[in-house]
Structure formats: C-alpha cells, structure tokens
$ cat input_30.cif   # mmCIF, C-alpha atoms
data_run
#
loop_
_atom_site.label_atom_id
_atom_site.label_comp_id
_atom_site.auth_asym_id
_atom_site.auth_seq_id
_atom_site.Cartn_x
_atom_site.Cartn_y
_atom_site.Cartn_z
CA PHE A 1 -48.63 -18.31 118.56
CA ALA A 2 -52.05 -16.81 117.77
CA GLN A 3 -51.69 -14.21 120.50
CA ARG A 4 -48.24 -13.23 119.25
CA ALA A 5 -49.50 -13.07 115.66
CA VAL A 6 -52.30 -10.64 116.63
CA PHE A 7 -49.93 -8.61 118.77
CA PHE A 8 -47.22 -8.31 116.12
CA SER A 9 -49.81 -7.50 113.46
CA ALA A 10 -51.58 -4.80 115.46
CA LEU A 11 -48.44 -3.23 116.92
CA PRO A 12 -46.83 -2.17 113.60
CA ILE A 13 -50.17 -0.82 112.27
CA VAL A 14 -50.86 1.26 115.37
CA GLY A 15 -47.24 2.28 115.72
CA VAL A 16 -46.89 3.46 112.10
CA ILE A 17 -50.18 5.36 112.13
CA VAL A 18 -49.44 7.06 115.46
CA GLY A 19 -45.89 7.82 114.32
CA TYR A 20 -47.08 9.44 111.09
CA TRP A 21 -49.70 11.45 112.94
CA ILE A 22 -47.15 12.80 115.47
CA ALA A 23 -44.67 13.64 112.70
CA PHE A 24 -47.27 15.48 110.63
CA GLU A 25 -48.45 17.43 113.68
CA ILE A 26 -44.91 18.53 114.49
CA LEU A 27 -43.89 19.29 110.91
CA ASP A 28 -47.31 20.59 109.82
CA TRP A 29 -47.25 18.60 106.59
CA GLU A 30 -50.88 18.77 105.60
CA ARG A 31 -50.40 17.37 102.08
CA ALA A 32 -48.48 14.36 103.38
CA ARG A 33 -51.13 13.86 106.08
CA ARG A 34 -53.88 13.67 103.44
CA ALA A 35 -51.81 11.25 101.35
CA VAL A 36 -51.01 8.88 104.17
CA PHE A 37 -54.43 8.90 105.80
CA SER A 38 -56.26 8.41 102.53
CA PRO A 39 -57.77 4.95 101.80
CA ALA A 40 -54.79 4.07 99.57
CA GLY A 41 -52.35 5.27 102.22
CA ILE A 42 -54.01 3.24 104.96
CA VAL A 43 -53.91 0.13 102.75
CA GLY A 44 -50.20 0.72 102.21
CA VAL A 45 -49.60 1.07 105.95
CA VAL A 46 -51.56 -2.11 106.67
CA ALA A 47 -49.72 -4.01 103.91
CA LEU A 48 -46.34 -2.90 105.25
CA SER A 49 -47.37 -3.87 108.76
CA ILE A 50 -48.48 -7.30 107.62
CA LEU A 51 -45.14 -7.77 105.86
CA ILE A 52 -43.25 -6.84 109.02
CA SER A 53 -45.49 -9.15 111.06
CA SER A 54 -44.85 -12.02 108.66
CA ILE A 55 -41.09 -11.57 108.96
CA LEU A 56 -41.33 -11.50 112.75
CA ALA A 57 -43.55 -14.59 112.75
CA VAL A 58 -41.05 -16.49 110.61
CA ILE A 59 -38.17 -15.49 112.90
CA LEU A 60 -40.05 -16.48 116.04
CA SER A 61 -41.19 -19.74 114.50
CA ALA A 62 -37.63 -20.60 113.50
CA ARG A 63 -36.40 -19.83 117.01
CA GLU A 64 -39.09 -22.01 118.55
CA LYS A 65 -38.21 -24.88 116.22
CA ALA A 66 -34.53 -24.49 117.08
CA ALA A 67 -35.32 -24.49 120.80
CA ARG A 68 -37.45 -27.63 120.45
CA ALA A 69 -34.74 -29.32 118.40
CA GLN A 70 -32.12 -28.43 121.03
CA ALA A 71 -34.32 -29.80 123.80
CA ALA A 72 -34.86 -33.01 121.85
CA TYR A 73 -31.12 -33.29 121.23
CA GLU A 74 -30.31 -32.88 124.93
CA ALA A 75 -32.90 -35.49 125.87
CA GLU A 76 -31.53 -37.94 123.31
CA ARG A 77 -27.98 -37.24 124.42
CA ALA A 78 -28.90 -38.00 128.02
CA ARG A 79 -30.75 -41.16 126.98
CA VAL A 80 -27.79 -42.64 125.11
CA ALA A 81 -25.05 -41.48 127.52
CA THR A 82 -24.56 -45.00 128.87
CA ALA A 83 -24.30 -46.48 125.39
CA GLU A 84 -21.81 -43.81 124.31
CA ARG A 85 -19.67 -44.51 127.34
CA ALA A 86 -19.68 -48.24 126.59
CA THR A 87 -18.73 -47.58 122.96
CA ALA A 88 -15.91 -45.22 123.96
CA LEU A 89 -14.55 -47.77 126.43
CA ALA A 90 -14.58 -50.45 123.73
CA GLN A 91 -12.74 -48.16 121.31
CA LEU A 92 -10.16 -47.22 123.92
CA LYS A 93 -9.63 -50.86 124.82
CA ALA A 94 -8.85 -51.54 121.17
CA LEU A 95 -6.46 -48.58 121.06
CA GLU A 96 -4.55 -49.70 124.14
CA ALA A 97 -3.84 -53.04 122.47
CA GLN A 98 -2.30 -51.56 119.35
CA VAL A 99 1.36 -52.07 118.56
CA GLU A 100 2.91 -49.60 116.15
CA PRO A 101 3.71 -51.58 112.97
CA HIS A 102 6.84 -49.57 112.17
CA PHE A 103 8.30 -50.36 115.59
CA LEU A 104 7.65 -54.06 115.10
CA TYR A 105 9.11 -54.12 111.57
CA ASN A 106 12.18 -52.12 112.58
CA THR A 107 12.82 -54.38 115.56
CA LEU A 108 12.57 -57.56 113.54
CA ALA A 109 14.77 -56.08 110.80
CA SER A 110 17.39 -55.05 113.35
CA ALA A 111 17.30 -58.48 114.97
CA GLN A 112 17.76 -60.09 111.57
CA VAL A 113 20.88 -58.03 110.93
CA LEU A 114 22.25 -58.72 114.42
CA THR A 115 21.86 -62.49 114.02
CA ARG A 116 24.80 -62.29 111.61
CA SER A 117 27.00 -59.73 113.35
CA ASP A 118 26.09 -60.05 117.04
CA PRO A 119 23.86 -63.05 117.85
CA ALA A 120 23.88 -62.29 121.59
CA ARG A 121 22.44 -58.81 121.06
CA ALA A 122 19.89 -60.21 118.63
CA ASP A 123 18.83 -62.73 121.25
CA ARG A 124 18.43 -59.99 123.87
CA MET A 125 16.42 -57.84 121.46
CA LEU A 126 14.04 -60.68 120.62
CA GLY A 127 13.64 -61.49 124.31
CA HIS A 128 12.63 -57.91 125.06
CA LEU A 129 10.28 -57.94 122.07
CA ILE A 130 8.57 -61.08 123.35
CA ALA A 131 8.12 -59.47 126.78
CA PHE A 132 6.73 -56.31 125.22
CA LEU A 133 4.30 -58.15 122.95
CA ARG A 134 3.14 -60.41 125.77
CA HIS A 135 1.97 -57.35 127.65
CA SER A 136 0.69 -55.20 124.79
CA LEU A 137 -1.37 -57.71 122.83
CA PRO A 138 -5.06 -58.20 123.75
CA ARG A 139 -5.76 -60.22 126.89
CA ALA A 140 -8.71 -62.47 127.66
CA ASP A 141 -9.58 -60.76 130.95
CA ASP A 142 -10.64 -57.17 131.49
CA ALA A 143 -8.41 -56.50 134.47
CA ILE A 144 -6.69 -53.18 134.83
CA SER A 145 -2.89 -53.23 134.84
CA THR A 146 -0.55 -51.91 137.53
CA VAL A 147 2.19 -49.29 137.70
CA GLY A 148 4.81 -52.04 138.08
CA ALA A 149 3.59 -53.99 135.06
CA GLU A 150 3.34 -50.88 132.89
CA ILE A 151 6.85 -49.74 133.77
CA ALA A 152 8.13 -53.26 133.05
CA CYS A 153 6.50 -53.11 129.62
CA ALA A 154 7.98 -49.67 128.98
CA ARG A 155 11.43 -50.91 130.00
CA ALA A 156 11.18 -53.82 127.58
CA TYR A 157 10.30 -51.37 124.83
CA LEU A 158 13.19 -49.09 125.76
CA GLU A 159 15.63 -52.01 125.98
CA ILE A 160 14.79 -52.81 122.36
CA LEU A 161 15.41 -49.21 121.34
CA GLN A 162 18.68 -49.13 123.25
CA VAL A 163 19.92 -52.08 121.21
CA ARG A 164 19.08 -50.12 118.06
CA LEU A 165 20.11 -46.64 119.18
CA GLY A 166 23.02 -47.53 121.43
CA GLU A 167 24.40 -44.65 123.49
CA ARG A 168 21.96 -42.20 121.90
CA LEU A 169 19.27 -43.36 124.33
CA LYS A 170 19.78 -43.34 128.10
CA VAL A 171 17.06 -44.47 130.49
CA GLN A 172 16.50 -43.83 134.19
CA VAL A 173 13.63 -45.43 136.10
CA GLU A 174 12.54 -44.78 139.68
CA LEU A 175 9.78 -46.98 141.08
CA PRO A 176 9.31 -47.29 144.86
CA SER A 177 8.41 -50.85 145.79
CA ASP A 178 5.17 -49.81 147.51
CA LEU A 179 3.82 -48.39 144.24
CA THR A 180 4.26 -51.45 142.00
CA GLY A 181 0.74 -52.73 142.67
CA VAL A 182 -1.10 -49.41 142.19
CA PRO A 183 -3.77 -49.85 139.46
CA LEU A 184 -3.09 -48.10 136.15
CA PRO A 185 -4.84 -48.51 132.76
CA ALA A 186 -2.86 -50.70 130.38
CA MET A 187 -0.59 -49.15 127.73
CA MET A 188 -1.26 -45.59 128.91
CA LEU A 189 2.29 -45.13 130.15
CA GLN A 190 3.54 -46.70 126.93
CA THR A 191 1.88 -43.93 124.92
CA LEU A 192 3.88 -41.30 126.84
CA VAL A 193 7.14 -43.21 126.44
CA GLU A 194 6.66 -43.63 122.69
CA ASN A 195 5.78 -39.96 122.39
CA ALA A 196 8.93 -38.90 124.21
CA VAL A 197 11.16 -41.07 122.05
CA LYS A 198 9.49 -40.32 118.72
CA HIS A 199 9.06 -36.56 119.09
CA GLY A 200 11.75 -35.65 121.58
CA LEU A 201 14.82 -37.91 121.59
CA GLU A 202 15.03 -39.82 118.32
CA PRO A 203 15.03 -36.72 116.04
CA GLN A 204 17.64 -34.99 118.22
CA PRO A 205 21.28 -35.38 117.16
CA GLY A 206 23.04 -37.23 119.95
CA GLY A 207 19.81 -38.49 121.48
CA GLY A 208 19.28 -37.92 125.19
CA THR A 209 17.83 -39.28 128.41
CA LEU A 210 14.34 -40.53 129.22
CA TRP A 211 13.12 -40.67 132.82
CA ILE A 212 10.20 -42.68 134.24
CA LEU A 213 9.49 -41.53 137.77
CA ALA A 214 6.75 -42.89 140.06
CA ARG A 215 5.90 -40.93 143.21
CA GLY A 216 3.41 -41.43 146.02
CA GLU A 217 1.67 -38.30 147.28
CA GLY A 218 -0.74 -39.30 150.04
CA GLU A 219 -3.74 -40.97 148.45
CA ARG A 220 -2.55 -40.12 144.96
CA VAL A 221 0.21 -41.53 142.76
CA THR A 222 1.99 -39.70 139.96
CA VAL A 223 3.90 -41.31 137.12
CA THR A 224 6.02 -38.93 135.06
CA VAL A 225 7.70 -39.53 131.71
CA ALA A 226 10.27 -36.83 131.03
CA ASP A 227 12.95 -36.30 128.40
CA ASP A 228 15.64 -33.77 127.54
CA GLY A 229 14.86 -33.84 123.84
CA ARG A 230 13.65 -31.26 121.36
CA GLY A 231 10.68 -29.99 123.36
CA PHE A 232 7.49 -28.31 122.17
CA SER A 233 9.04 -25.55 120.08
CA GLU A 234 11.13 -27.82 117.88
CA SER A 235 9.31 -31.14 117.73
CA GLY A 236 6.17 -29.84 116.07
CA GLY A 237 4.18 -32.78 117.37
CA GLY A 238 3.48 -35.13 120.21
CA THR A 239 0.47 -33.39 121.72
CA GLY A 240 -2.24 -34.76 119.45
CA ILE A 241 -4.25 -37.97 119.19
CA GLY A 242 -2.13 -40.08 121.55
CA LEU A 243 -2.27 -37.61 124.42
CA ALA A 244 -5.94 -36.86 123.81
CA ASN A 245 -6.49 -40.60 124.13
CA VAL A 246 -4.67 -40.59 127.49
CA ARG A 247 -6.88 -37.78 128.79
CA GLU A 248 -10.08 -39.48 127.62
CA ARG A 249 -9.12 -42.85 129.10
CA LEU A 250 -8.35 -41.23 132.46
CA ARG A 251 -11.69 -39.41 132.40
CA LEU A 252 -13.61 -42.59 131.61
CA ALA A 253 -11.73 -44.70 134.16
CA TYR A 254 -11.49 -42.27 137.08
CA GLY A 255 -13.72 -39.27 136.43
CA GLU A 256 -12.45 -36.18 138.27
CA THR A 257 -10.14 -38.13 140.60
CA ALA A 258 -7.36 -38.48 138.00
CA SER A 259 -5.53 -35.94 135.86
CA PHE A 260 -2.96 -35.57 133.10
CA ALA A 261 -0.51 -32.70 132.68
CA ILE A 262 2.19 -31.99 130.13
CA ALA A 263 4.76 -29.23 130.48
CA THR A 264 8.20 -28.12 129.41
CA ASN A 265 10.99 -29.98 131.19
CA PHE A 266 13.94 -28.06 132.62
CA PRO A 267 16.30 -27.13 131.06
CA LYS A 268 14.80 -28.65 127.89
CA GLY A 269 12.47 -31.36 126.75
CA VAL A 270 8.97 -32.33 127.86
CA ALA A 271 7.53 -33.83 131.05
CA ALA A 272 4.16 -35.63 131.00
CA THR A 273 2.54 -36.67 134.29
CA ILE A 274 -0.35 -39.02 135.01
CA THR A 275 -1.99 -38.70 138.44
CA VAL A 276 -4.30 -41.47 139.68
CA PRO A 277 -5.80 -42.52 143.03
CA ARG A 278 -3.60 -44.90 144.97
CA ALA A 279 -6.50 -47.29 145.49
CA GLY A 280 -7.58 -47.19 141.82
#
$ encode --input "input_30.cif" --output "structure tokens"
Amino acid sequence: FAQRAVFFSALPIVGVIVGYWIAFEILDWERARRAVFSPAGIVGVVALSILISSILAVILSAREKAARAQAAYEAERARVATAERATALAQLKALEAQVEPHFLYNTLASAQVLTRSDPARADRMLGHLIAFLRHSLPRADDAISTVGAEIACARAYLEILQVRLGERLKVQVELPSDLTGVPLPAMMLQTLVENAVKHGLEPQPGGGTLWILARGEGERVTVTVADDGRGFSESGGGTGIGLANVRERLRLAYGETASFAIATNFPKGVAATITVPRAG
C-alpha cells in the first residue's frame, strides 16, 4: 500500500508539471508558464495531485477490501457446504411428505356427499385416499422409494380425482415389469402429476388425458408425465416452486447422473420427464 501511495502521489505531480511544460512550450504561453510555475502555482499542482492520489487510494482500498471479503465468503461457503447440503435434504424431505390441504378437504367433502347418493363410489374414494395417504405421509425409515411404488401412489391419487371429475379425466399408465423396482425419490412423480392436473387438465373445459410412461434406456430410466391440457401458453403456471423442487432433489440425490426436462407435448399440453440411473 505504501509503495502504491508514493507512486500515485508522485505520478500526478510529475505528469501535471511535465504536461504543463510541454503545452507552454508548444503554445508559447509565457504568462501562463510564469503563473503555473510560481510558488502558488506549484502548491496548487501539488494539492490537486494529492487530491487525485487520495481518490485513487480510496478506490484501491475499497477494491482490496471487496476482494478480501469475497475470498472470505468463498472460504466460508466451502466450509459449510456439507451443512448446507444436510439442511437442504432435510427441507426437501419435509416437502416430499406434504399433502395439499385443498385436495384432502375436497376429497373428504366429495366422499361425504357420495355416502348419501352413491355409497359404493364413496367407499372406493376413501379406499384410494387411504392408499394415497399411507404412501405420502412421513415414514420412520429413510429408504428411497421405487418407480412402481410412486406410480401406484399416483394412480391412487388419480383414481380419487376420477371419482370427482368423472369422464373429464382419462388416465393411461405404462410401466414395464422390470422397472418397478428402480429407485426413485418419494413423491417426486406425484409433484408432476399434480402439476399436470392442476395447471393443464382441470382448468380445461372437457378435461383431457394424463399419461404416465416409464421407459428403460440402457442404464437409465425415464418416467414421463404428459397431458393434453392447456399447455404453457394458456396455463400461466406450473413451472415454478414445485418443478424447481424436483430439479433440486434430483441434483442432491444423483448429482449429474440424473436430469429433468419439461417441454410442450404434441399436439398440445405439457410433457415432463425425469431421468435417473437404473441402479439408483
């Protein structure tokens, strides 16, 4: 710092004096030369140079402090990376156990109505609700789920909606038997199914079809949730917190070996695909 202070103090003084001298020689301004190189003029030049030096010193000092702060931040960030990961995993585990309250209330209300008009349908609805809650509520162990179990949970959820929505909701599921045991984080597929229904099919007059398709591609497995609903341009939602949660959970669980993609379905709707390693 001392070396820079001397340098940036001397440089403006020498530079200004030399610059004035060259200018006066070229322009032949003798009166201006006498004014500038008088004792008062020299003091003014030195004062101006010191001012410039002070400004430069402040700027450099601020940059150094910012650089040191950035280095300290990076070191602290590296130090607590493990703790942040553990916290994020705990938060995501809590998220995956959440059941949307409106879905639960609507299901119970519908079952209550059906107990009077159609007890058999009410019984089926409550049976599907029990199956769905058994899977979605917190579990004592920390085991990862499977593709088969997650699709079973999604089907229970969709069976409930089909009782409520009737012909407005059609469901098609394709799950090869050799993929049922492939590891998959719990409730991740459920997020995509709820998204498709809420933002794509339910708001659309006449409803539509929802597909759940599992495919094996060598050492990788893809699970796609697609619909022929309103799509990106009309739904105005469905690509926010829930899908960001899916991406973050995949990153934490698999690193770079898993991926998530969402695209427009053909001829309309949305298709969301999770890709994970076959071996988990």
$ atom_distance --input "input_30.cif" --atom1 "atom CA of A:Asn265" --atom2 "atom CA of A:Ala226"
6.9 Å
$ atom_distance --input "input_30.cif" --atom1 "atom CA of A:Ser145" --atom2 "atom CA of A:Ile262"
22.3 Å
$ atom_distance --input "input_30.cif" --atom1 "atom CA of A:Met187" --atom2 "atom CA of A:Ala253"
13.6 Å
$ resolve_selection --input "input_30.cif" --expression "the PyMOL selection byres ((chain A and resi 197) around 10)" --output "PDB file with C-alpha atoms, keeping the file's coordinate frame"
ATOM      1  CA  LEU A 158      13.190 -49.090 125.760  1.00  0.00           C
ATOM      2  CA  LEU A 161      15.410 -49.210 121.340  1.00  0.00           C
ATOM      3  CA  LEU A 169      19.270 -43.360 124.330  1.00  0.00           C
ATOM      4  CA  LEU A 192       3.880 -41.300 126.840  1.00  0.00           C
ATOM      5  CA  VAL A 193       7.140 -43.210 126.440  1.00  0.00           C
ATOM      6  CA  GLU A 194       6.660 -43.630 122.690  1.00  0.00           C
ATOM      7  CA  ASN A 195       5.780 -39.960 122.390  1.00  0.00           C
ATOM      8  CA  ALA A 196       8.930 -38.900 124.210  1.00  0.00           C
ATOM      9  CA  LYS A 198       9.490 -40.320 118.720  1.00  0.00           C
ATOM     10  CA  HIS A 199       9.060 -36.560 119.090  1.00  0.00           C
ATOM     11  CA  GLY A 200      11.750 -35.650 121.580  1.00  0.00           C
ATOM     12  CA  LEU A 201      14.820 -37.910 121.590  1.00  0.00           C
ATOM     13  CA  GLU A 202      15.030 -39.820 118.320  1.00  0.00           C
ATOM     14  CA  PRO A 203      15.030 -36.720 116.040  1.00  0.00           C
ATOM     15  CA  GLN A 204      17.640 -34.990 118.220  1.00  0.00           C
ATOM     16  CA  GLY A 207      19.810 -38.490 121.480  1.00  0.00           C
ATOM     17  CA  GLY A 208      19.280 -37.920 125.190  1.00  0.00           C
ATOM     18  CA  THR A 209      17.830 -39.280 128.410  1.00  0.00           C
ATOM     19  CA  LEU A 210      14.340 -40.530 129.220  1.00  0.00           C
ATOM     20  CA  ALA A 226      10.270 -36.830 131.030  1.00  0.00           C
ATOM     21  CA  ASP A 227      12.950 -36.300 128.400  1.00  0.00           C
ATOM     22  CA  GLY A 229      14.860 -33.840 123.840  1.00  0.00           C
ATOM     23  CA  GLY A 238       3.480 -35.130 120.210  1.00  0.00           C
TER      24      GLY A 238
END
$ resolve_selection --input "input_30.cif" --expression "the PyMOL selection byres ((chain A and resi 260) around 9)" --output "list in words"
Leu243, Val246, Arg247, Leu250, Ala258, Ser259, Ala261, Ile262, Ala272, Thr273, Ile274, Thr275 and Val276 of chain A
$ resolve_selection --input "input_30.cif" --expression "the PyMOL selection byres ((chain A and resi 37-41) around 12)" --output "list in words"
Ile13, Val16, Ile17, Val18, Tyr20, Trp21, Phe24, Glu30, Arg31, Ala32, Arg33, Arg34, Ala35, Val36, Ile42, Val43, Gly44, Val45, Val46, Ala47 and Leu48 of chain A
$ residues_around --input "input_30.cif" --residues "A:Ala149" --least-positions-apart "4" --cutoff "12 Å" --atoms "all atoms listed in the file" --output "number ranges by chain"
A: 131-132, 134-136, 144-145, 153-156, 175, 179-190
$ write_last_selection --input "input_30.cif" --atoms "C-alpha atoms" --output "PDB file, keeping the file's coordinate frame"
ATOM      1  CA  ALA A 131       8.120 -59.470 126.780  1.00  0.00           C
ATOM      2  CA  PHE A 132       6.730 -56.310 125.220  1.00  0.00           C
ATOM      3  CA  ARG A 134       3.140 -60.410 125.770  1.00  0.00           C
ATOM      4  CA  HIS A 135       1.970 -57.350 127.650  1.00  0.00           C
ATOM      5  CA  SER A 136       0.690 -55.200 124.790  1.00  0.00           C
ATOM      6  CA  ILE A 144      -6.690 -53.180 134.830  1.00  0.00           C
ATOM      7  CA  SER A 145      -2.890 -53.230 134.840  1.00  0.00           C
ATOM      8  CA  CYS A 153       6.500 -53.110 129.620  1.00  0.00           C
ATOM      9  CA  ALA A 154       7.980 -49.670 128.980  1.00  0.00           C
ATOM     10  CA  ARG A 155      11.430 -50.910 130.000  1.00  0.00           C
ATOM     11  CA  ALA A 156      11.180 -53.820 127.580  1.00  0.00           C
ATOM     12  CA  LEU A 175       9.780 -46.980 141.080  1.00  0.00           C
ATOM     13  CA  LEU A 179       3.820 -48.390 144.240  1.00  0.00           C
ATOM     14  CA  THR A 180       4.260 -51.450 142.000  1.00  0.00           C
ATOM     15  CA  GLY A 181       0.740 -52.730 142.670  1.00  0.00           C
ATOM     16  CA  VAL A 182      -1.100 -49.410 142.190  1.00  0.00           C
ATOM     17  CA  PRO A 183      -3.770 -49.850 139.460  1.00  0.00           C
ATOM     18  CA  LEU A 184      -3.090 -48.100 136.150  1.00  0.00           C
ATOM     19  CA  PRO A 185      -4.840 -48.510 132.760  1.00  0.00           C
ATOM     20  CA  ALA A 186      -2.860 -50.700 130.380  1.00  0.00           C
ATOM     21  CA  MET A 187      -0.590 -49.150 127.730  1.00  0.00           C
ATOM     22  CA  MET A 188      -1.260 -45.590 128.910  1.00  0.00           C
ATOM     23  CA  LEU A 189       2.290 -45.130 130.150  1.00  0.00           C
ATOM     24  CA  GLN A 190       3.540 -46.700 126.930  1.00  0.00           C
TER      25      GLN A 190
END
